[in-house]
file final.cif (mmCIF, C-alpha atoms)
data_structure
#
loop_
_atom_site.label_atom_id
_atom_site.label_comp_id
_atom_site.auth_asym_id
_atom_site.auth_seq_id
_atom_site.Cartn_x
_atom_site.Cartn_y
_atom_site.Cartn_z
CA MET L 1325 0.00 0.00 0.00
CA MET L 1326 1.38 3.45 -0.90
CA VAL L 1327 0.39 6.97 -1.89
CA SER L 1328 1.99 8.05 -5.16
CA GLU L 1329 2.36 11.58 -6.46
CA GLY L 1330 2.76 12.25 -10.20
CA ARG L 1331 2.03 15.34 -12.12
CA GLY L 1332 -1.59 15.12 -11.16
CA LYS L 1333 -3.32 14.45 -7.90
CA PRO L 1334 -1.90 12.06 -5.30
CA GLU L 1335 -2.74 8.42 -5.70
CA LEU L 1336 -3.05 5.71 -3.06
CA VAL L 1337 -1.82 2.30 -4.19
CA VAL L 1338 -3.33 -0.60 -2.22
CA ASP L 1339 -2.39 -4.12 -3.35
CA ASN L 1340 -2.30 -3.03 -7.02
CA GLU L 1341 -5.66 -1.27 -6.65
CA VAL L 1342 -5.36 2.48 -7.37
CA SER L 1343 -7.84 4.87 -5.75
CA LYS L 1344 -7.69 8.48 -7.01
CA ASN L 1345 -7.40 11.49 -4.66
CA GLY L 1346 -6.24 9.36 -1.79
CA ASP L 1347 -9.70 8.00 -1.01
CA LEU L 1348 -9.40 4.51 0.44
CA ARG L 1349 -13.09 3.84 -0.20
CA LYS L 1350 -13.87 0.15 0.40
CA ARG L 1351 -10.62 -0.85 2.10
CA GLU L 1352 -10.04 2.10 4.42
CA GLY L 1353 -10.94 0.14 7.52
CA GLU L 1354 -8.27 -2.46 6.85
CA PHE L 1355 -5.35 -0.11 7.32
CA GLN L 1356 -4.12 1.51 10.49
CA ASN L 1357 -1.17 3.90 10.67
CA ARG L 1358 1.43 2.60 8.19
CA TYR L 1359 1.58 4.12 4.73
CA THR L 1360 4.36 4.67 2.19
CA LEU L 1361 4.54 7.99 0.33
CA ILE L 1362 6.40 7.96 -3.01
CA THR L 1363 6.25 10.17 -6.12
CA ALA L 1364 5.86 8.86 -9.66
CA LYS L 1365 9.30 10.26 -10.53
CA GLN L 1366 10.85 8.47 -7.60
CA ARG L 1367 9.12 5.26 -8.61
CA ALA L 1368 11.06 5.47 -11.89
CA GLY L 1369 14.26 5.23 -9.82
CA GLY L 1370 15.72 8.66 -10.24
CA SER L 1371 15.94 10.04 -6.71
CA LYS L 1372 15.56 9.31 -3.06
CA THR L 1373 12.43 7.83 -1.60
CA ARG L 1374 10.73 9.13 1.53
CA VAL L 1375 8.98 6.63 3.74
CA PHE L 1376 6.52 7.86 6.36
CA THR L 1377 4.97 6.11 9.31
CA ASP L 1378 2.04 7.12 11.48
CA PHE L 1379 0.37 8.82 8.51
CA PRO L 1380 -3.22 9.71 9.53
CA ARG L 1381 -5.90 8.01 7.43
CA ASN L 1382 -8.11 11.08 7.35
CA ARG L 1383 -5.34 13.28 5.87
CA PHE L 1384 -4.80 11.58 2.51
CA ARG L 1385 -6.95 13.98 0.55
CA ASN L 1386 -5.22 16.69 -1.50
CA ARG L 1387 -1.79 16.58 0.12
CA SER L 1388 1.18 17.94 -1.81
CA ARG L 1389 4.60 16.33 -1.98
CA ARG L 1390 5.89 18.90 0.49
CA PHE L 1391 3.61 17.50 3.19
CA ARG L 1392 5.37 15.74 6.01
CA PRO L 1393 3.26 14.66 9.01
CA GLN L 1394 4.49 16.05 12.31
CA GLY L 1395 6.51 13.61 14.38
CA THR L 1396 6.91 11.04 11.57
CA ALA L 1397 9.95 8.88 10.99
CA VAL L 1398 11.74 9.29 7.65
CA LEU L 1399 13.72 6.55 5.91
CA THR L 1400 15.80 7.41 2.80
CA LEU L 1401 16.71 4.87 0.16
CA THR L 1402 19.05 5.40 -2.84
CA LYS L 1403 18.53 4.15 -6.41
CA GLY L 1404 18.65 0.45 -6.84
CA GLU L 1405 17.82 -0.42 -3.24
CA GLY L 1406 14.64 -2.27 -2.45
CA PHE L 1407 12.01 -1.21 0.04
CA ILE L 1408 12.79 -2.21 3.59
CA PRO L 1409 9.67 -3.43 5.40
CA LEU L 1410 8.63 -1.05 8.16
CA PRO L 1411 8.79 -2.44 11.68
CA SER L 1412 5.46 -3.49 13.11
CA LEU L 1413 3.89 -0.71 15.18
CA VAL L 1414 2.10 -1.88 18.32
CA VAL L 1415 -0.48 0.82 18.91
CA ASP L 1416 -3.35 -1.12 20.44
CA GLN L 1417 -1.77 -2.51 23.62
CA PRO L 1418 -3.17 -1.03 26.84
CA TYR L 1419 -0.79 0.46 29.37
CA PHE L 1420 -1.20 2.01 32.82
CA ASP L 1421 -0.67 5.69 33.49
CA SER L 1422 2.74 6.21 35.08
CA SER L 1423 1.41 8.84 37.52
CA MET L 1424 -0.77 6.36 39.47
CA ARG L 1425 0.09 6.00 43.16
CA VAL L 1426 1.20 2.69 44.61
CA ASN L 1427 0.18 3.67 48.17
CA GLN L 1428 -3.05 5.42 49.10
CA THR L 1429 -4.55 6.51 52.41
CA ALA L 1430 -8.06 6.79 53.83
CA HIS L 1431 -9.51 7.43 57.30
CA VAL L 1432 -11.94 5.26 59.20
CA GLY L 1433 -15.52 6.27 58.44
CA ARG L 1434 -14.49 8.36 55.46
CA GLN L 1435 -14.78 7.64 51.74
CA ALA L 1436 -11.85 6.04 49.91
CA GLU L 1437 -11.35 6.19 46.14
CA LEU L 1438 -8.82 4.06 44.25
CA HIS L 1439 -8.13 5.32 40.72
CA CYS L 1440 -6.86 3.26 37.80
CA ARG L 1441 -6.00 5.02 34.52
CA VAL L 1442 -5.46 2.90 31.41
CA HIS L 1443 -4.43 4.21 27.98
CA SER L 1444 -5.28 2.53 24.64
CA ILE L 1445 -7.90 0.39 26.34
CA GLY L 1446 -9.72 -0.49 23.11
CA ASN L 1447 -12.56 -2.94 23.69
CA ARG L 1448 -11.03 -4.46 26.80
CA THR L 1449 -12.50 -4.25 30.29
CA VAL L 1450 -11.05 -3.08 33.62
CA SER L 1451 -11.71 -4.94 36.86
CA TRP L 1452 -10.93 -4.28 40.53
CA ILE L 1453 -9.94 -7.28 42.69
CA ARG L 1454 -9.40 -7.30 46.47
CA GLY L 1455 -6.03 -8.81 47.30
CA ARG L 1456 -6.75 -10.49 50.65
CA ASP L 1457 -9.39 -12.86 49.29
CA LEU L 1458 -9.05 -12.36 45.49
CA ARG L 1459 -12.70 -11.34 45.33
CA ILE L 1460 -13.81 -9.59 42.14
CA LEU L 1461 -15.34 -6.30 43.24
CA THR L 1462 -16.07 -4.56 39.95
CA VAL L 1463 -15.94 -5.24 36.21
CA GLY L 1464 -16.22 -2.18 34.02
CA ARG L 1465 -19.06 -0.10 35.45
CA TYR L 1466 -20.68 -3.01 37.28
CA THR L 1467 -20.22 -4.01 40.92
CA TYR L 1468 -20.04 -7.71 41.82
CA THR L 1469 -20.18 -7.79 45.62
CA THR L 1470 -22.94 -7.79 48.20
CA ASP L 1471 -21.07 -5.18 50.24
CA LEU L 1472 -22.95 -2.04 49.27
CA ARG L 1473 -20.05 0.16 50.36
CA TYR L 1474 -18.22 -0.72 47.12
CA GLU L 1475 -19.05 1.06 43.87
CA ALA L 1476 -17.56 1.12 40.35
CA LEU L 1477 -17.22 4.55 38.73
CA HIS L 1478 -16.36 5.28 35.09
CA GLN L 1479 -17.34 8.09 32.76
CA ASN L 1480 -17.55 7.31 29.05
CA GLY L 1481 -14.76 8.84 27.04
CA THR L 1482 -12.30 8.86 29.93
CA ASN L 1483 -9.44 6.49 30.73
CA GLN L 1484 -10.10 6.30 34.50
CA TRP L 1485 -11.82 3.50 36.39
CA THR L 1486 -12.45 4.19 40.08
CA LEU L 1487 -13.23 1.87 42.96
CA ARG L 1488 -15.14 3.80 45.63
CA ILE L 1489 -15.36 2.51 49.21
CA ARG L 1490 -17.86 4.27 51.42
CA SER L 1491 -17.20 4.47 55.16
CA ALA L 1492 -13.80 2.78 55.07
CA GLN L 1493 -13.07 0.35 57.90
CA PRO L 1494 -9.78 -1.09 59.25
CA ARG L 1495 -10.60 -4.42 57.53
CA ASP L 1496 -10.49 -2.63 54.16
CA GLN L 1497 -6.76 -2.07 54.53
CA GLY L 1498 -4.64 -4.08 52.11
CA THR L 1499 -3.82 -4.52 48.42
CA TYR L 1500 -6.20 -3.97 45.50
CA GLU L 1501 -5.52 -5.02 41.90
CA CYS L 1502 -6.61 -3.14 38.81
CA GLN L 1503 -6.72 -5.67 35.95
CA VAL L 1504 -7.07 -5.20 32.20
CA SER L 1505 -8.50 -8.09 30.21
CA THR L 1506 -5.52 -8.65 27.94
CA LYS L 1507 -3.85 -12.04 27.38
CA PRO L 1508 -2.06 -12.35 29.68
CA VAL L 1509 -3.84 -9.88 31.94
CA LYS L 1510 -2.12 -6.63 32.86
CA THR L 1511 -2.20 -5.80 36.58
CA PHE L 1512 -1.53 -2.71 38.66
CA ILE L 1513 -1.39 -3.21 42.45
CA THR L 1514 -2.08 -0.43 44.94
CA TYR L 1515 -2.03 -0.57 48.75
CA LEU L 1516 -4.76 1.11 50.77
CA ARG L 1517 -3.88 2.17 54.30
CA VAL L 1518 -6.82 2.92 56.57
CA LEU L 1519 -5.97 5.29 59.42
CA GLU L 1520 -7.94 5.32 62.65
CA PRO L 1521 -7.65 8.56 64.66
CA ARG L 1522 -6.39 7.96 68.18
CA GLY L 1523 -5.27 9.96 71.16
CA GLU L 1524 -2.81 9.46 74.00
CA ILE L 1525 -1.62 11.38 77.03
CA LEU L 1526 2.13 11.11 77.45
CA GLY L 1527 3.05 9.26 80.63
CA SER L 1528 -0.30 7.48 80.93
CA PRO L 1529 -1.83 5.59 82.59
CA ASP L 1530 -0.19 7.12 85.72
CA LEU L 1531 1.84 10.27 86.13
CA TYR L 1532 3.61 11.40 89.31
CA VAL L 1533 4.64 14.95 90.24
CA GLN L 1534 5.95 16.56 93.39
CA LYS L 1535 3.82 18.99 95.33
CA GLY L 1536 4.62 22.57 94.34
CA SER L 1537 6.07 21.59 90.95
CA MET L 1538 4.61 22.36 87.53
CA ILE L 1539 2.16 19.92 85.99
CA ASN L 1540 2.42 19.41 82.24
CA LEU L 1541 -0.17 17.08 80.73
CA THR L 1542 0.41 16.51 76.99
CA CYS L 1543 -2.38 15.07 74.85
CA VAL L 1544 -1.30 13.91 71.36
CA LEU L 1545 -3.98 13.22 68.72
CA HIS L 1546 -2.71 11.10 65.80
CA ASP L 1547 -3.93 10.38 62.24
CA LEU L 1548 -6.66 13.00 62.09
CA PRO L 1549 -8.49 13.60 58.79
CA GLU L 1550 -8.58 17.29 59.75
CA PRO L 1551 -7.74 19.31 62.87
CA PRO L 1552 -10.40 19.00 65.62
CA ARG L 1553 -12.81 21.85 66.21
CA TYR L 1554 -11.94 21.84 69.88
CA VAL L 1555 -9.87 20.06 72.55
CA ARG L 1556 -11.15 20.06 76.14
CA TRP L 1557 -9.78 18.82 79.44
CA TYR L 1558 -11.82 17.32 82.29
CA HIS L 1559 -10.83 16.56 85.90
CA SER L 1560 -12.29 13.92 88.19
CA ASN L 1561 -11.54 13.18 91.86
CA LYS L 1562 -13.45 12.19 95.00
CA HIS L 1563 -15.12 15.61 95.10
CA HIS L 1564 -16.33 15.96 91.49
CA ASN L 1565 -16.60 13.89 88.30
CA ASN L 1566 -15.54 15.02 84.80
CA ARG L 1567 -15.59 18.68 85.65
CA ASN L 1568 -14.63 20.95 82.78
CA ILE L 1569 -11.35 22.62 83.71
CA SER L 1570 -11.66 26.37 84.03
CA TYR L 1571 -8.77 28.58 83.05
CA SER L 1572 -10.08 31.60 84.93
CA SER L 1573 -10.95 30.03 88.28
CA SER L 1574 -9.79 31.34 91.66
CA ARG L 1575 -7.19 28.57 91.76
CA GLY L 1576 -5.19 30.36 89.03
CA GLY L 1577 -2.09 29.18 87.20
CA VAL L 1578 -4.03 26.90 84.80
CA SER L 1579 -3.64 27.30 81.04
CA MET L 1580 -3.85 25.31 77.83
CA ILE L 1581 -1.91 25.48 74.55
CA VAL L 1582 -3.13 23.73 71.36
CA GLU L 1583 -1.09 23.12 68.21
CA LYS L 1584 -3.50 21.98 65.48
CA GLY L 1585 -2.61 19.88 62.45
CA PRO L 1586 -2.76 16.28 61.15
CA THR L 1587 -1.15 15.54 64.52
CA THR L 1588 -2.71 17.86 67.09
CA ILE L 1589 -1.09 18.44 70.49
CA SER L 1590 -2.75 19.98 73.54
CA TYR L 1591 -0.75 21.00 76.62
CA LEU L 1592 -2.52 21.43 79.96
CA LEU L 1593 -0.22 23.44 82.26
CA ILE L 1594 -0.85 23.80 86.01
CA THR L 1595 1.61 25.71 88.15
CA SER L 1596 2.40 24.91 91.80
CA ALA L 1597 0.86 21.45 92.02
CA ARG L 1598 -1.44 20.91 95.01
CA VAL L 1599 -2.76 17.74 96.60
CA GLU L 1600 -6.29 18.58 95.41
CA ASP L 1601 -4.97 18.60 91.81
CA LYS L 1602 -4.59 14.83 91.85
CA GLY L 1603 -7.13 12.60 90.14
CA MET L 1604 -8.01 11.59 86.59
CA TYR L 1605 -7.53 14.03 83.73
CA THR L 1606 -9.34 13.38 80.45
CA CYS L 1607 -8.49 14.84 77.05
CA ALA L 1608 -11.53 15.09 74.75
CA ALA L 1609 -11.40 16.25 71.13
CA SER L 1610 -14.29 16.68 68.72
CA SER L 1611 -15.25 13.44 66.88
CA LEU L 1612 -12.64 11.40 68.74
CA ASN L 1613 -12.66 8.97 71.65
CA THR L 1614 -11.39 10.37 74.93
CA THR L 1615 -8.09 9.43 76.56
CA SER L 1616 -7.19 9.74 80.26
CA VAL L 1617 -4.31 9.74 82.72
CA THR L 1618 -4.27 9.47 86.52
CA LEU L 1619 -2.19 12.17 88.22
CA HIS L 1620 -0.56 11.53 91.60
CA VAL L 1621 0.76 14.48 93.63
CA LEU L 1622 3.58 13.44 95.97
CA ASN L 1623 4.30 15.15 99.25
CA GLY L 1624 7.99 14.64 99.95
CA GLU L 1625 8.37 11.11 98.57
CA HIS L 1626 11.53 10.48 96.57
CA PRO L 1627 10.53 10.56 92.87
CA ALA L 1628 13.21 8.04 91.83
CA ALA L 1629 11.44 5.35 93.84
CA MET L 1630 8.13 5.96 92.09
CA GLN L 1631 7.25 3.99 88.97
CA THR L 1632 4.35 4.01 86.56
CA ASN L 1633 2.23 0.90 86.04
CA GLY L 1634 4.32 0.22 82.97
CA GLY L 1635 7.45 0.03 85.10
CA THR L 1636 9.26 3.09 83.72
CA SER L 1637 10.57 6.08 85.58
CA VAL L 1638 8.12 8.96 85.39
CA PHE L 1639 10.55 11.83 85.62
CA LYS L 1640 12.24 12.34 82.28
CA SER L 1641 14.66 15.14 81.57
CA THR L 1642 12.93 15.84 78.23
CA SER L 1643 9.56 16.33 79.90
CA LEU L 1644 11.06 18.73 82.44
CA LEU L 1645 12.76 20.68 79.67
CA LEU L 1646 9.52 20.93 77.70
CA SER L 1647 7.67 22.11 80.79
CA ALA L 1648 10.25 24.82 81.41
CA ILE L 1649 10.08 26.07 77.81
CA VAL L 1650 6.28 26.20 77.76
CA ALA L 1651 6.17 27.89 81.17
CA ARG L 1652 8.62 30.54 79.98
CA ILE L 1653 6.49 31.22 76.90
CA LEU L 1654 3.39 31.61 79.05
CA TRP L 1655 5.15 33.86 81.50
CA GLN L 1656 6.39 36.13 78.71
CA GLY L 1657 2.87 36.26 77.25
CA TRP L 1658 1.40 37.29 80.58
CA LEU L 1659 4.03 39.98 80.99
CA HIS L 1660 3.14 41.48 77.59
CA GLY L 1661 -0.56 41.19 78.18
CA THR L 1662 -1.21 38.65 75.36
#
call {"tool": "encode", "arguments": {"input": "final.cif", "output": "structure tokens"}}
result
Amino acid sequence: MMVSEGRGKPELVVDNEVSKNGDLRKREGEFQNRYTLITAKQRAGGSKTRVFTDFPRNRFRNRSRRFRPQGTAVLTLTKGEGFIPLPSLVVDQPYFDSSMRVNQTAHVGRQAELHCRVHSIGNRTVSWIRGRDLRILTVGRYTYTTDLRYEALHQNGTNQWTLRIRSAQPRDQGTYECQVSTKPVKTFITYLRVLEPRGEILGSPDLYVQKGSMINLTCVLHDLPEPPRYVRWYHSNKHHNNRNISYSSSRGGVSMIVEKGPTTISYLLITSARVEDKGMYTCAASSLNTTSVTLHVLNGEHPAAMQTNGGTSVFKSTSLLLSAIVARILWQGWLHGT
């Protein structure tokens, strides 16, 4: 098959059948993107021959000999040499988009979406398979599971197939395979990590301080989908239960600092520890389970002899240093009236 240019209009030669003006007519559907362009003069053997690949089918009409498709490969042959067959061009094999992520993250109770982008899909189908039990979840736009949290999403004309998981749970964590129905099948594996927000108070479950010293309770909130709207502290002892701590009470010397982010930290600072300050302190953040610590106020006991329930020494130099830094910041703020 070739397009020939003489003195007149271009001709397309297809298995010894000549179609004027480059119109493929009956056999157009049989040819993809490989055509040979040669002039009548060149056919006589007088000059070099230009061979083009990736020549668009819909651009054969009324093209002059000066036309060279953008991005085409050119092969030159001298007089007397035969035509070298063009290498086969594989243009219909699907392949995955290189920008897809191997690891993805979702939060418990939130929606997770796993995206699979496939180019040159043709008439093949895309399926999502769960790795832990090899269960087929979706095929094309259809869902094949009784778990209604799973849904297949695909918009016609796009190259993206999405597996949506509503209200993700810890059991959803693991590998998922995006498969294309080639022979053999092409597979892209992604790992979904499901994060569950959690909180802890450093030093819990028991914390010991000396009477008259500074109390620094640090609540750390991990793996949050967004910063909490609020963080509150509550105090319980034999006199009251879960009382909201007031920062303007007559006791004085009580303050709180909050640093919000994916990991949010709340510091409850109480100066000049008193015996009545002992009891259970609870850190409560919006949309998160509470976490607690029991505070013991010592009156003259040697701190080195005191241990937490976990068997570790409660007085750490790093904690004391942090307390001193935070106390200094608060003191400077009070001095400047902020």
call {"tool": "residues_near_point", "arguments": {"input": "final.cif", "point": "(-6.6, -1.8, 48.7)", "cutoff": "9 Å", "atoms": "all atoms listed in the file", "output": "short mmCIF file (atom, residue, chain, number, x, y, z; two decimals) with C-alpha atoms, in the frame of the given file"}}
result
data_model
loop_
_atom_site.label_atom_id
_atom_site.label_comp_id
_atom_site.auth_asym_id
_atom_site.auth_seq_id
_atom_site.Cartn_x
_atom_site.Cartn_y
_atom_site.Cartn_z
CA ASN L 1427 0.18 3.67 48.17
CA GLN L 1428 -3.05 5.42 49.10
CA LEU L 1438 -8.82 4.06 44.25
CA ILE L 1453 -9.94 -7.28 42.69
CA ARG L 1454 -9.40 -7.30 46.47
CA GLY L 1455 -6.03 -8.81 47.30
CA ARG L 1456 -6.75 -10.49 50.65
CA ASP L 1496 -10.49 -2.63 54.16
CA GLN L 1497 -6.76 -2.07 54.53
CA GLY L 1498 -4.64 -4.08 52.11
CA THR L 1499 -3.82 -4.52 48.42
CA TYR L 1500 -6.20 -3.97 45.50
CA GLU L 1501 -5.52 -5.02 41.90
CA ILE L 1513 -1.39 -3.21 42.45
CA THR L 1514 -2.08 -0.43 44.94
CA TYR L 1515 -2.03 -0.57 48.75
CA LEU L 1516 -4.76 1.11 50.77
CA ARG L 1517 -3.88 2.17 54.30
#
call {"tool": "closest_residue", "arguments": {"input": "final.cif", "among": "L:Ile1569, L:Cys1440, L:Leu1461, L:Leu1526", "to": "Arg1556 of chain L", "atoms": "all atoms listed in the file"}}
result
L:Ile1569
call {"tool": "atom_distance", "arguments": {"input": "final.cif", "atom1": "atom CA of Glu1550 of chain L", "atom2": "atom CA of Thr1486 of chain L"}}
result
23.9 Å
call {"tool": "closest_residue", "arguments": {"input": "final.cif", "among": "L:Gly1433, L:Gly1536, L:Pro1551, L:Gly1481", "to": "Arg1495 of chain L", "atoms": "all atoms listed in the file"}}
result
L:Gly1433
call {"tool": "atom_distance", "arguments": {"input": "final.cif", "atom1": "atom CA of Leu1472 of chain L", "atom2": "atom CA of Arg1459 of chain L"}}
result
14.4 Å
call {"tool": "atom_distance", "arguments": {"input": "final.cif", "atom1": "atom CA of Tyr1419 of chain L", "atom2": "atom CA of Glu1475 of chain L"}}
result
23.3 Å
call {"tool": "resolve_selection", "arguments": {"input": "final.cif", "expression": "the PyMOL selection byres ((chain L and resi 1543-1547) around 6)", "output": "ChimeraX atom specification"}}
result
/L:1521-1525,1542,1548,1587-1590
call {"tool": "closest_residue", "arguments": {"input": "final.cif", "among": "L:Arg1434, L:Arg1465, L:Lys1507, L:Lys1584", "to": "Pro1552 of chain L", "atoms": "all atoms listed in the file"}}
result
L:Lys1584
call {"tool": "residues_around", "arguments": {"input": "final.cif", "residues": "Arg1441 of chain L", "least_positions_apart": "3", "cutoff": "9 Å", "atoms": "all atoms listed in the file", "output": "ChimeraX atom specification"}}
result
/L:1419-1424,1482-1486
call {"tool": "resolve_selection", "arguments": {"input": "final.cif", "expression": "the PyMOL selection byres ((chain L and resi 1578) around 7)", "output": "list in words"}}
result
Tyr1571, Gly1576, Gly1577, Ser1579, Leu1593, Ile1594 and Thr1595 of chain L
call {"tool": "closest_residue", "arguments": {"input": "final.cif", "among": "L:His1431, L:Val1463, L:Pro1549, L:Leu1541", "to": "Thr1615 of chain L", "atoms": "all atoms listed in the file"}}
result
L:Leu1541
call {"tool": "residues_around", "arguments": {"input": "final.cif", "residues": "Ala1476 of chain L", "least_positions_apart": "6", "cutoff": "7 Å", "atoms": "only C-alpha atoms", "output": "PyMOL selection string"}}
result
chain L and resi 1462+1465-1467+1486-1488
call {"tool": "resolve_selection", "arguments": {"input": "final.cif", "expression": "the PyMOL selection byres ((chain L and resi 1561) around 12)", "output": "ChimeraX atom specification"}}
result
/L:1558-1560,1562-1567,1599-1606,1618-1620
call {"tool": "closest_residue", "arguments": {"input": "final.cif", "among": "L:Gly1585, L:Pro1494, L:Gly1527, L:Pro1508", "to": "Ala1436 of chain L", "atoms": "only C-alpha atoms"}}
result
L:Pro1494
call {"tool": "closest_residue", "arguments": {"input": "final.cif", "among": "L:Met1538, L:Ala1492, L:Ala1430, L:Met1580", "to": "Cys1607 of chain L", "atoms": "only C-alpha atoms"}}
result
L:Met1580
